[in-house]
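Enquirer: Below is one structure. I have some questions about it.
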Amino acid sequence: MKNSTSKVIILSGGKGKRFNPFSFVIPKPLMPINQNPILMYLIKAFKKYQFKNFFISTGYQSELIKAYLGNGKKLGIKVKYFNEKKPLGTAGPLSNMKKTLKTNDYFFLINGDVYTELNFKKMMNFAKKNNFDLLIGYIKKKYKNSFGVLNIKNNEVKSITEKPNSFFNINSGIYIIKNTKNLNLIPKNRFFTMPDLIDKYLLKGLKVGAYNIKDYWLGIENMENLKKVEKRLSKKIN
């Protein structure tokens, strides 16, 4: 399958402070959801769509992640590790990987604390069809205001809306990047985030796309969200 040659970069270097005291013992990507760690669900989700070539960016307690995954052979995948000697943010690790990425190849970049049922193949096809330099997966989120909102003009109230809904497009932490010389925009061995890189792409006039993720997605940044994913998986099994 063609997808098996496409790289998937998983960012797994964070300390997961919101999971203290558990993250004192294990890194956040290895936090268990029922039987398996977050990282395993992510790898299986990609493998379902024939993505089998993984780069893992590690930092905090990297030896535990390496011991768990090994070279990936037992899972039917290939795994290569890139260790951060200091925190490099969400885009900074790419500066250490760009020489191992083929020019004009598309690759995934994803946060290691995400659970999703996204069809990764569809997202990749969308990126290639539209020839995006960078594609950002986003989620449409609805937030309910807790207050009545006043429409005021010239110090007079024209209307009031009680607890209106607001809609936002939320960054999912899932990206597809076309590997070109544009990765040289990332400084070497410096903390640099994906929002930083997106800004640089936009300033340079590069083609930055948006992909609406309608499948289930949740960022597991705290114990509450981890429990939500556990409940969902339990219902799917039963």
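Residues in the structure tokens are named by chain (A, B, ... in the order shown) and by number from 1 within that chain; ligands are numbered from 1 in the order shown.
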Excluding region 94-103 of chain A and its own-chain neighbours fewer than 3 positions away, which residues fall within 7 Å of it when counting only C-alpha atoms? Please give them as number ranges by chain.

Expert: A: 91, 179-180, 186-188

Enquirer: Would you output that residue set with C-alpha atoms, as a short mmCIF file (atom, residue, chain, number, x, y, z; two decimals), in the first residue's frame?

Expert:
```
data_model
loop_
_atom_site.label_atom_id
_atom_site.label_comp_id
_atom_site.auth_asym_id
_atom_site.auth_seq_id
_atom_site.Cartn_x
_atom_site.Cartn_y
_atom_site.Cartn_z
CA ALA A 91 7.34 22.32 15.33
CA ASN A 179 8.28 18.39 2.80
CA THR A 180 10.05 21.09 0.85
CA ILE A 186 12.13 26.21 11.51
CA PRO A 187 15.12 27.31 13.62
CA LYS A 188 17.46 24.54 14.75
#
```

Enquirer: Which residues are close to Ala210 (chain A), i.e. within 8 Å by only C-alpha atoms, leaving aside same-chain residues fewer than 6 positions away? Reply as a list in words.

Expert: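 The contact residues come out as Leu135, Ile136, Gly137 and Tyr138 of chain A.
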
Enquirer: Counting only C-alpha atoms, figure out which residue out of A:Asn104, A:Leu150, A:Met223, A:Asp113 gets nearest to Leu183 (chain A).

Expert: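 Ranking A:Asn104, A:Leu150, A:Met223, A:Asp113 by distance to Leu183 (chain A), first place goes to A:Asn104.
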
Enquirer: Excluding Leu206 (chain A) and any residue of its chain fewer than 2 positions from it, enumerate the residues within 9 Å of it, using only C-alpha atoms, and give them as a list of chain:residue names.

Expert: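 Listing them by chain and then by number gives A:Phe132, A:Asp133, A:Leu134, A:Lys200, A:Tyr201, A:Leu202, A:Leu203, A:Lys204, A:Val208.
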
Enquirer: For Phe51 (chain A), which residue among A:Met124, A:Phe82, A:Ile26, A:Leu64 is the nearest when counting only C-alpha atoms?

Expert: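 Looking at the shortest contact to Phe51 (chain A), the residue is A:Met124.
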
Enquirer: Could you pull out the strand (DSSP E) residues of region 33-190 of chain A, going by DSSP on the backbone, and write them as a compact mmCIF listing (two decimals) with N, CA and C atoms, in the first residue's frame?

Expert:
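And here is the file that came out, result30.txt:
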```
# COMPACT_ATOMS: atom_id res chain seq x y z
N ILE A 33 -5.43 4.08 28.61
CA ILE A 33 -6.87 4.21 28.38
C ILE A 33 -7.40 2.79 28.39
N ASN A 36 -4.79 -0.16 26.96
CA ASN A 36 -3.63 0.29 26.19
C ASN A 36 -3.32 1.77 26.42
N PRO A 37 -2.06 2.18 26.25
CA PRO A 37 -1.72 3.60 26.40
C PRO A 37 -2.22 4.44 25.23
N ASN A 53 4.92 3.85 9.00
CA ASN A 53 6.27 4.38 9.16
C ASN A 53 6.24 5.55 10.14
N PHE A 54 6.74 5.33 11.36
CA PHE A 54 6.57 6.31 12.42
C PHE A 54 7.90 6.91 12.89
N PHE A 55 7.89 8.23 13.06
CA PHE A 55 8.96 8.94 13.74
C PHE A 55 8.38 9.40 15.07
N ILE A 56 9.02 9.05 16.17
CA ILE A 56 8.54 9.45 17.48
C ILE A 56 9.51 10.47 18.07
N SER A 57 9.00 11.67 18.34
CA SER A 57 9.81 12.70 18.98
C SER A 57 9.65 12.55 20.49
N THR A 58 10.74 12.22 21.17
CA THR A 58 10.68 11.94 22.60
C THR A 58 11.47 12.99 23.38
N LYS A 78 7.30 0.37 11.47
CA LYS A 78 8.68 0.80 11.64
C LYS A 78 8.70 2.04 12.53
N VAL A 79 9.59 2.07 13.50
CA VAL A 79 9.67 3.19 14.43
C VAL A 79 11.10 3.72 14.50
N LYS A 80 11.23 5.02 14.38
CA LYS A 80 12.52 5.68 14.55
C LYS A 80 12.34 6.80 15.56
N TYR A 81 13.30 6.97 16.47
CA TYR A 81 13.18 7.94 17.55
C TYR A 81 14.10 9.14 17.34
N PHE A 82 13.59 10.30 17.75
CA PHE A 82 14.37 11.53 17.73
C PHE A 82 14.20 12.16 19.11
N ASN A 83 15.26 12.18 19.88
CA ASN A 83 15.17 12.64 21.26
C ASN A 83 15.48 14.13 21.38
N TYR A 106 4.54 14.02 1.45
CA TYR A 106 3.65 14.54 2.48
C TYR A 106 3.78 13.67 3.73
N PHE A 107 3.78 14.30 4.90
CA PHE A 107 3.83 13.52 6.13
C PHE A 107 2.87 14.10 7.17
N PHE A 108 2.43 13.24 8.09
CA PHE A 108 1.58 13.67 9.20
C PHE A 108 2.44 14.15 10.35
N LEU A 109 1.94 15.14 11.05
CA LEU A 109 2.50 15.57 12.33
C LEU A 109 1.32 15.63 13.29
N ILE A 110 1.44 14.94 14.43
CA ILE A 110 0.30 14.86 15.34
C ILE A 110 0.77 14.89 16.79
N ASN A 111 -0.01 15.57 17.62
CA ASN A 111 0.27 15.58 19.04
C ASN A 111 0.06 14.19 19.63
N VAL A 114 -3.58 12.83 21.58
CA VAL A 114 -4.85 12.92 20.85
C VAL A 114 -5.47 11.54 20.70
N TYR A 115 -6.79 11.45 20.92
CA TYR A 115 -7.53 10.25 20.54
C TYR A 115 -8.50 10.67 19.44
N THR A 116 -8.47 9.96 18.33
CA THR A 116 -9.35 10.30 17.22
C THR A 116 -9.72 9.06 16.41
N LEU A 134 0.78 23.06 3.70
CA LEU A 134 0.48 22.69 5.09
C LEU A 134 -1.03 22.58 5.22
N LEU A 135 -1.48 21.49 5.81
CA LEU A 135 -2.92 21.29 6.02
C LEU A 135 -3.15 21.11 7.52
N ILE A 136 -4.12 21.87 8.05
CA ILE A 136 -4.43 21.85 9.48
C ILE A 136 -5.79 21.19 9.68
N GLY A 137 -5.83 20.14 10.48
CA GLY A 137 -7.11 19.54 10.84
C GLY A 137 -7.77 20.38 11.92
N TYR A 138 -9.07 20.67 11.75
CA TYR A 138 -9.75 21.48 12.75
C TYR A 138 -11.10 20.88 13.14
N ILE A 139 -11.56 21.25 14.33
CA ILE A 139 -12.83 20.79 14.88
C ILE A 139 -13.73 22.00 15.07
N LYS A 140 -14.99 21.87 14.68
CA LYS A 140 -15.97 22.93 14.95
C LYS A 140 -16.53 22.72 16.36
N LYS A 141 -16.33 23.71 17.22
CA LYS A 141 -16.78 23.61 18.61
C LYS A 141 -17.81 24.68 18.93
N LYS A 142 -18.83 24.25 19.67
CA LYS A 142 -19.88 25.18 20.10
C LYS A 142 -19.73 25.47 21.59
N TYR A 143 -19.75 26.75 21.94
CA TYR A 143 -19.66 27.15 23.34
C TYR A 143 -20.90 27.96 23.70
N LYS A 144 -21.50 27.62 24.83
CA LYS A 144 -22.70 28.34 25.28
C LYS A 144 -22.30 29.42 26.27
N GLY A 148 -26.44 36.91 29.41
CA GLY A 148 -27.17 37.59 28.35
C GLY A 148 -26.23 38.59 27.67
N VAL A 149 -26.26 38.65 26.36
CA VAL A 149 -25.36 39.52 25.60
C VAL A 149 -26.14 40.71 25.04
N LEU A 150 -25.64 41.91 25.33
CA LEU A 150 -26.31 43.13 24.89
C LEU A 150 -25.74 43.63 23.57
N ASN A 151 -26.64 44.05 22.70
CA ASN A 151 -26.26 44.75 21.47
C ASN A 151 -26.44 46.24 21.73
N ILE A 152 -25.31 46.96 21.86
CA ILE A 152 -25.36 48.36 22.25
C ILE A 152 -24.85 49.24 21.11
N LYS A 153 -25.60 50.31 20.84
CA LYS A 153 -25.19 51.27 19.83
C LYS A 153 -25.49 52.68 20.34
N GLU A 156 -27.15 53.06 23.66
CA GLU A 156 -28.51 52.55 23.79
C GLU A 156 -28.55 51.05 23.50
N VAL A 157 -29.31 50.33 24.29
CA VAL A 157 -29.47 48.90 24.09
C VAL A 157 -30.47 48.67 22.97
N LYS A 158 -30.02 47.96 21.92
CA LYS A 158 -30.89 47.69 20.77
C LYS A 158 -31.55 46.31 20.88
N SER A 159 -30.85 45.40 21.56
CA SER A 159 -31.43 44.06 21.73
C SER A 159 -30.62 43.32 22.79
N ILE A 160 -31.17 42.24 23.26
CA ILE A 160 -30.47 41.36 24.20
C ILE A 160 -30.70 39.92 23.77
N THR A 161 -29.63 39.15 23.78
CA THR A 161 -29.71 37.73 23.44
C THR A 161 -29.31 36.93 24.67
N GLU A 162 -30.20 36.10 25.15
CA GLU A 162 -29.95 35.35 26.37
C GLU A 162 -29.09 34.12 26.10
N ASN A 165 -25.10 30.95 21.71
CA ASN A 165 -24.02 30.02 21.38
C ASN A 165 -22.98 30.73 20.51
N SER A 166 -21.73 30.38 20.73
CA SER A 166 -20.64 30.87 19.87
C SER A 166 -19.96 29.67 19.24
N PHE A 167 -19.50 29.82 18.02
CA PHE A 167 -18.85 28.72 17.30
C PHE A 167 -17.41 29.10 16.96
N PHE A 168 -16.50 28.14 17.17
CA PHE A 168 -15.09 28.36 16.90
C PHE A 168 -14.51 27.17 16.14
N ASN A 169 -13.52 27.45 15.31
CA ASN A 169 -12.77 26.39 14.64
C ASN A 169 -11.51 26.12 15.45
N ILE A 170 -11.44 24.95 16.05
CA ILE A 170 -10.38 24.61 17.00
C ILE A 170 -9.29 23.78 16.32
N ASN A 171 -8.05 24.16 16.53
CA ASN A 171 -6.91 23.40 16.01
C ASN A 171 -6.87 22.03 16.69
N SER A 172 -6.83 20.96 15.90
CA SER A 172 -6.89 19.60 16.44
C SER A 172 -5.53 19.04 16.84
N GLY A 173 -4.46 19.73 16.43
CA GLY A 173 -3.12 19.18 16.68
C GLY A 173 -2.76 18.08 15.69
N ILE A 174 -3.47 18.05 14.55
CA ILE A 174 -3.19 17.09 13.48
C ILE A 174 -2.89 17.89 12.21
N TYR A 175 -1.72 17.64 11.64
CA TYR A 175 -1.28 18.40 10.47
C TYR A 175 -0.73 17.46 9.40
N ILE A 176 -0.81 17.93 8.15
CA ILE A 176 -0.08 17.29 7.06
C ILE A 176 0.81 18.36 6.43
N ILE A 177 2.08 18.04 6.28
CA ILE A 177 3.04 18.98 5.74
C ILE A 177 3.70 18.38 4.51
N LYS A 178 3.80 19.19 3.47
CA LYS A 178 4.54 18.77 2.28
C LYS A 178 6.00 19.14 2.49
```

Enquirer: With only C-alpha atoms as the basis for distance, which of A:Leu11, A:Ile77, A:Met194, A:Ile213 is at the shortest distance from Tyr60 (chain A)?

Expert: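 Result for the nearest residue to Tyr60 (chain A): A:Leu11.
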
Enquirer: Write out as a PyMOL selection string all residues of region 53-149 of chain A that backbone DSSP assigns to alpha helix (DSSP H).

Expert: chain A and resi 62-69+120-129

Enquirer: Output C-alpha atoms of each residue in that selection to a file, as a short mmCIF file (atom, residue, chain, number, x, y, z; two decimals), in the first residue's frame.

Expert:
```cif
data_model
loop_
_atom_site.label_atom_id
_atom_site.label_comp_id
_atom_site.auth_asym_id
_atom_site.auth_seq_id
_atom_site.Cartn_x
_atom_site.Cartn_y
_atom_site.Cartn_z
CA SER A 62 12.05 8.74 26.53
CA GLU A 63 13.54 5.40 27.61
CA LEU A 64 10.07 4.16 28.69
CA ILE A 65 8.54 4.96 25.29
CA LYS A 66 11.45 3.25 23.51
CA ALA A 67 11.16 0.20 25.75
CA TYR A 68 7.42 -0.04 25.08
CA LEU A 69 7.46 0.31 21.27
CA PHE A 120 -6.34 9.60 7.91
CA LYS A 121 -6.37 8.40 4.32
CA LYS A 122 -9.12 10.88 3.38
CA MET A 123 -7.23 13.73 4.99
CA MET A 124 -4.04 12.81 3.14
CA ASN A 125 -5.89 12.58 -0.19
CA PHE A 126 -7.39 16.03 0.48
CA ALA A 127 -3.93 17.52 1.10
CA LYS A 128 -2.49 16.05 -2.09
CA LYS A 129 -5.49 16.90 -4.27
#
```

Enquirer: Mind pulling up the distance from CA of Glu224 (chain A) to CA of Met40 (chain A)?

Expert: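 CA of Glu224 (chain A) lies 19.5 Å from CA of Met40 (chain A).
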
Enquirer: Would you mind telling me which residue in A:Ile220, A:Ile10, A:Val229, A:Leu42 lies nearest to Pro93 (chain A) when using only C-alpha atoms?

Expert: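 Checking each candidate against Pro93 (chain A), we get A:Ile10 as the closest.
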
Enquirer: What separation in Å, quoted to one decimal, exists between CA of Ile198 (chain A) and CA of Asn131 (chain A)?

Expert: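 Going from CA of Ile198 (chain A) over to CA of Asn131 (chain A), I get 16.1 Å.
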
Enquirer: Between CA of Ser234 (chain A) and CA of Gly112 (chain A), what distance in Å does the model show, to one decimal?

Expert: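 Separation of CA of Ser234 (chain A) and CA of Gly112 (chain A): 21.4 Å.
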
Enquirer: Any idea what's packed within 9 Å of Lys44 (chain A), counting only C-alpha atoms, ignoring anything in its chain fewer than 5 positions away? Could you give it as a list in words?

Expert: Leu39, Tyr49 and Leu75 of chain A
